[in-house]
Amino acid sequence: MTGFHLAQFNLARLRAPIDAPETADFVANLDRINAMAESHAGFVWRLKGEGFDSTSQPIKSDPLLIPNLSVWETPQALGAFVYRSDHMAVLKRRREWFEHMDVYMALWWIPVGHRPAFDDGFERLDILARLGPTIDAFTFRDAFPAPVVERA
């Protein structure tokens, strides 16, 4: 145990409004996928709005943006959920629902017990876009290990 958990923020921009027929399959899967994440090994926490999914967290500057912010014990736990669970079937369809974004996900380490906010996620995306992968914001492909805390 390192004393750190992995924060994950991803942002997607819908091709059509959340209540449009074009996004109906995406919306129909939200509760199921979110519940699956919450019961997955290594899941710690996710930011929720008034409803069960992150779409109830409005981004006033662009209502087509869909944010997701969660915390996981390890990159391996998050990776297992994202790429080796039923989540993958929905992920494969992302181009049907979302526009292409060059930088859409950032990972970073947080102290155990800390709960990041959406502003933290946007800041990490900005760091990743400006500087590339660093200990402050990275991707699965260019991951950084958790910080080592020396004990006195």
# chains A, B, ... in the order shown; residues from 1 in each chain; ligands from 1
call {"tool": "residues_around", "arguments": {"residues": "segment 125-128 of chain A", "least_positions_apart": "4", "cutoff": "6 Å", "atoms": "only C-alpha atoms", "output": "PDB file with all heavy atoms, in the first residue's frame"}}
result
ATOM      1  N   ALA A 106      -7.291  11.968 -18.070  1.00  0.00           N
ATOM      2  CA  ALA A 106      -6.079  12.174 -17.284  1.00  0.00           C
ATOM      3  C   ALA A 106      -6.155  11.333 -16.022  1.00  0.00           C
ATOM      4  O   ALA A 106      -7.220  11.189 -15.420  1.00  0.00           O
ATOM      5  CB  ALA A 106      -5.907  13.648 -16.923  1.00  0.00           C
ATOM      6  N   GLY A 132       2.264  17.142 -21.834  1.00  0.00           N
ATOM      7  CA  GLY A 132       2.378  15.707 -22.048  1.00  0.00           C
ATOM      8  C   GLY A 132       2.355  14.995 -20.704  1.00  0.00           C
ATOM      9  O   GLY A 132       2.169  15.620 -19.659  1.00  0.00           O
ATOM     10  N   PRO A 133       2.551  13.684 -20.710  1.00  0.00           N
ATOM     11  CA  PRO A 133       2.479  12.924 -19.464  1.00  0.00           C
ATOM     12  C   PRO A 133       3.565  13.329 -18.467  1.00  0.00           C
ATOM     13  O   PRO A 133       4.738  13.420 -18.817  1.00  0.00           O
ATOM     14  CB  PRO A 133       2.685  11.480 -19.923  1.00  0.00           C
ATOM     15  CG  PRO A 133       2.379  11.479 -21.377  1.00  0.00           C
ATOM     16  CD  PRO A 133       2.749  12.831 -21.883  1.00  0.00           C
ATOM     17  N   ALA A 137      -0.129  14.471 -14.313  1.00  0.00           N
ATOM     18  CA  ALA A 137      -1.230  14.090 -15.214  1.00  0.00           C
ATOM     19  C   ALA A 137      -0.664  13.145 -16.258  1.00  0.00           C
ATOM     20  O   ALA A 137       0.234  13.519 -17.003  1.00  0.00           O
ATOM     21  CB  ALA A 137      -1.839  15.319 -15.877  1.00  0.00           C
TER      22      ALA A 137
END
call {"tool": "residues_around", "arguments": {"residues": "segment 82-88 of chain A", "least_positions_apart": "2", "cutoff": "12 Å", "atoms": "only C-alpha atoms", "output": "list in words"}}
result
Gln8, Asn10, Phe26, Asn29, Leu30, Asp31, Arg32, Ile33, Asn34, Ala35, Met36, Ala37, Ser39, His40, Ala41, Phe43, Trp72, Pro75, Gln76, Ala77, Leu78, Gly79, Ala80, Val90, Leu91, Lys92, Arg93, Arg94 and Phe140 of chain A
call {"tool": "residues_around", "arguments": {"residues": "segment 11-21 of chain A", "least_positions_apart": "2", "cutoff": "9 Å", "atoms": "only C-alpha atoms", "output": "compact mmCIF listing (two decimals) with N, CA, C and O atoms, in the first residue's frame"}}
result
# COMPACT_ATOMS: atom_id res chain seq x y z
N PHE A 9 -10.08 11.15 -14.57
CA PHE A 9 -11.06 12.10 -15.11
C PHE A 9 -11.11 11.89 -16.61
O PHE A 9 -10.07 11.84 -17.26
N THR A 23 -28.47 9.36 -28.87
CA THR A 23 -27.72 9.01 -27.66
C THR A 23 -28.47 8.05 -26.74
O THR A 23 -28.00 7.72 -25.66
N ALA A 24 -29.63 7.58 -27.19
CA ALA A 24 -30.48 6.74 -26.35
C ALA A 24 -29.77 5.48 -25.85
O ALA A 24 -29.90 5.12 -24.68
N ASP A 25 -29.01 4.81 -26.71
CA ASP A 25 -28.31 3.60 -26.26
C ASP A 25 -27.25 3.92 -25.21
O ASP A 25 -27.06 3.16 -24.28
N PHE A 26 -26.56 5.04 -25.40
CA PHE A 26 -25.58 5.44 -24.40
C PHE A 26 -26.26 5.67 -23.05
O PHE A 26 -25.84 5.12 -22.02
N VAL A 27 -27.32 6.45 -23.04
CA VAL A 27 -28.05 6.76 -21.81
C VAL A 27 -28.61 5.49 -21.18
O VAL A 27 -28.56 5.31 -19.96
N THR A 55 -23.84 12.59 -15.83
CA THR A 55 -24.47 13.54 -16.75
C THR A 55 -25.31 14.56 -16.00
O THR A 55 -25.70 15.57 -16.57
N ASP A 62 -20.74 24.18 -21.96
CA ASP A 62 -21.03 23.28 -23.08
C ASP A 62 -21.86 22.11 -22.57
O ASP A 62 -21.31 21.14 -22.03
N PRO A 63 -23.17 22.15 -22.75
CA PRO A 63 -24.03 21.08 -22.22
C PRO A 63 -23.82 19.73 -22.91
O PRO A 63 -24.34 18.72 -22.44
N LEU A 64 -23.04 19.69 -23.99
CA LEU A 64 -22.76 18.42 -24.65
C LEU A 64 -21.56 17.68 -24.03
O LEU A 64 -21.29 16.54 -24.39
N LEU A 65 -20.87 18.33 -23.10
CA LEU A 65 -19.74 17.68 -22.44
C LEU A 65 -20.22 16.75 -21.34
O LEU A 65 -21.05 17.14 -20.50
N ILE A 66 -19.69 15.54 -21.34
CA ILE A 66 -20.02 14.53 -20.34
C ILE A 66 -18.75 14.23 -19.55
O ILE A 66 -17.82 13.63 -20.07
N PRO A 67 -18.68 14.65 -18.29
CA PRO A 67 -17.50 14.36 -17.46
C PRO A 67 -17.68 13.09 -16.64
O PRO A 67 -18.80 12.67 -16.35
N ASN A 68 -16.57 12.51 -16.26
CA ASN A 68 -16.58 11.36 -15.38
C ASN A 68 -15.35 11.45 -14.50
O ASN A 68 -14.23 11.61 -15.00
N LEU A 69 -15.54 11.36 -13.21
CA LEU A 69 -14.45 11.48 -12.24
C LEU A 69 -14.58 10.34 -11.24
O LEU A 69 -15.63 10.18 -10.61
N ARG A 95 -17.54 6.13 -30.69
CA ARG A 95 -17.57 7.00 -31.88
C ARG A 95 -18.98 7.27 -32.38
O ARG A 95 -19.22 8.24 -33.07
N GLU A 96 -19.92 6.40 -32.02
CA GLU A 96 -21.32 6.64 -32.38
C GLU A 96 -21.88 7.84 -31.63
O GLU A 96 -22.72 8.56 -32.15
N TRP A 97 -21.43 8.02 -30.40
CA TRP A 97 -22.04 9.00 -29.51
C TRP A 97 -21.20 10.24 -29.28
O TRP A 97 -21.74 11.30 -28.95
N PHE A 98 -19.87 10.12 -29.43
CA PHE A 98 -18.98 11.20 -29.03
C PHE A 98 -18.08 11.68 -30.16
O PHE A 98 -17.66 10.89 -31.00
N GLU A 99 -17.76 12.96 -30.11
CA GLU A 99 -16.81 13.54 -31.05
C GLU A 99 -15.39 13.15 -30.64
O GLU A 99 -15.13 12.86 -29.47
N HIS A 100 -14.48 13.21 -31.59
CA HIS A 100 -13.06 12.95 -31.29
C HIS A 100 -12.50 14.11 -30.46
O HIS A 100 -12.76 15.27 -30.74
N MET A 101 -11.72 13.77 -29.45
CA MET A 101 -11.01 14.76 -28.64
C MET A 101 -9.57 14.28 -28.51
O MET A 101 -9.33 13.11 -28.22
N VAL A 103 -7.24 15.17 -26.24
CA VAL A 103 -6.95 14.87 -24.83
C VAL A 103 -8.29 14.77 -24.12
O VAL A 103 -9.04 15.73 -24.03
N TYR A 104 -8.60 13.60 -23.63
CA TYR A 104 -9.92 13.35 -23.04
C TYR A 104 -9.86 12.66 -21.69
O TYR A 104 -10.86 12.55 -20.99
N MET A 105 -8.67 12.16 -21.30
CA MET A 105 -8.57 11.46 -20.03
C MET A 105 -7.24 11.79 -19.37
O MET A 105 -6.21 11.89 -20.04
N GLY A 121 -10.04 17.75 -12.29
CA GLY A 121 -9.98 16.99 -13.53
C GLY A 121 -9.66 17.86 -14.73
O GLY A 121 -8.81 17.51 -15.56
N PHE A 122 -10.32 19.01 -14.83
CA PHE A 122 -10.05 19.92 -15.93
C PHE A 122 -8.60 20.43 -15.86
O PHE A 122 -7.94 20.56 -16.89
N LEU A 125 -6.38 17.66 -17.19
CA LEU A 125 -6.44 17.59 -18.66
C LEU A 125 -5.61 18.69 -19.29
O LEU A 125 -4.90 18.47 -20.28
call {"tool": "select_by_dssp", "arguments": {"residues": "chain A", "states": "strand (DSSP E or B)", "output": "number ranges by chain"}}
result
A: 4-14, 43-46, 65-72, 98, 105-111, 134, 137-138
call {"tool": "closest_residue", "arguments": {"among": "A:Glu22, A:Leu47, A:Ala28, A:Phe4", "to": "Phe118 of chain A", "atoms": "only C-alpha atoms"}}
result
A:Leu47
call {"tool": "atom_distance", "arguments": {"atom1": "atom CA of Lys48 of chain A", "atom2": "atom CA of Ser70 of chain A"}}
result
9.4 Å
call {"tool": "select_by_dssp", "arguments": {"residues": "segment 24-136 of chain A", "states": "helix (DSSP H, G or I)", "output": "ChimeraX atom specification"}}
result
/A:24-39,54-56,75-83,87-91,94-97,118-131
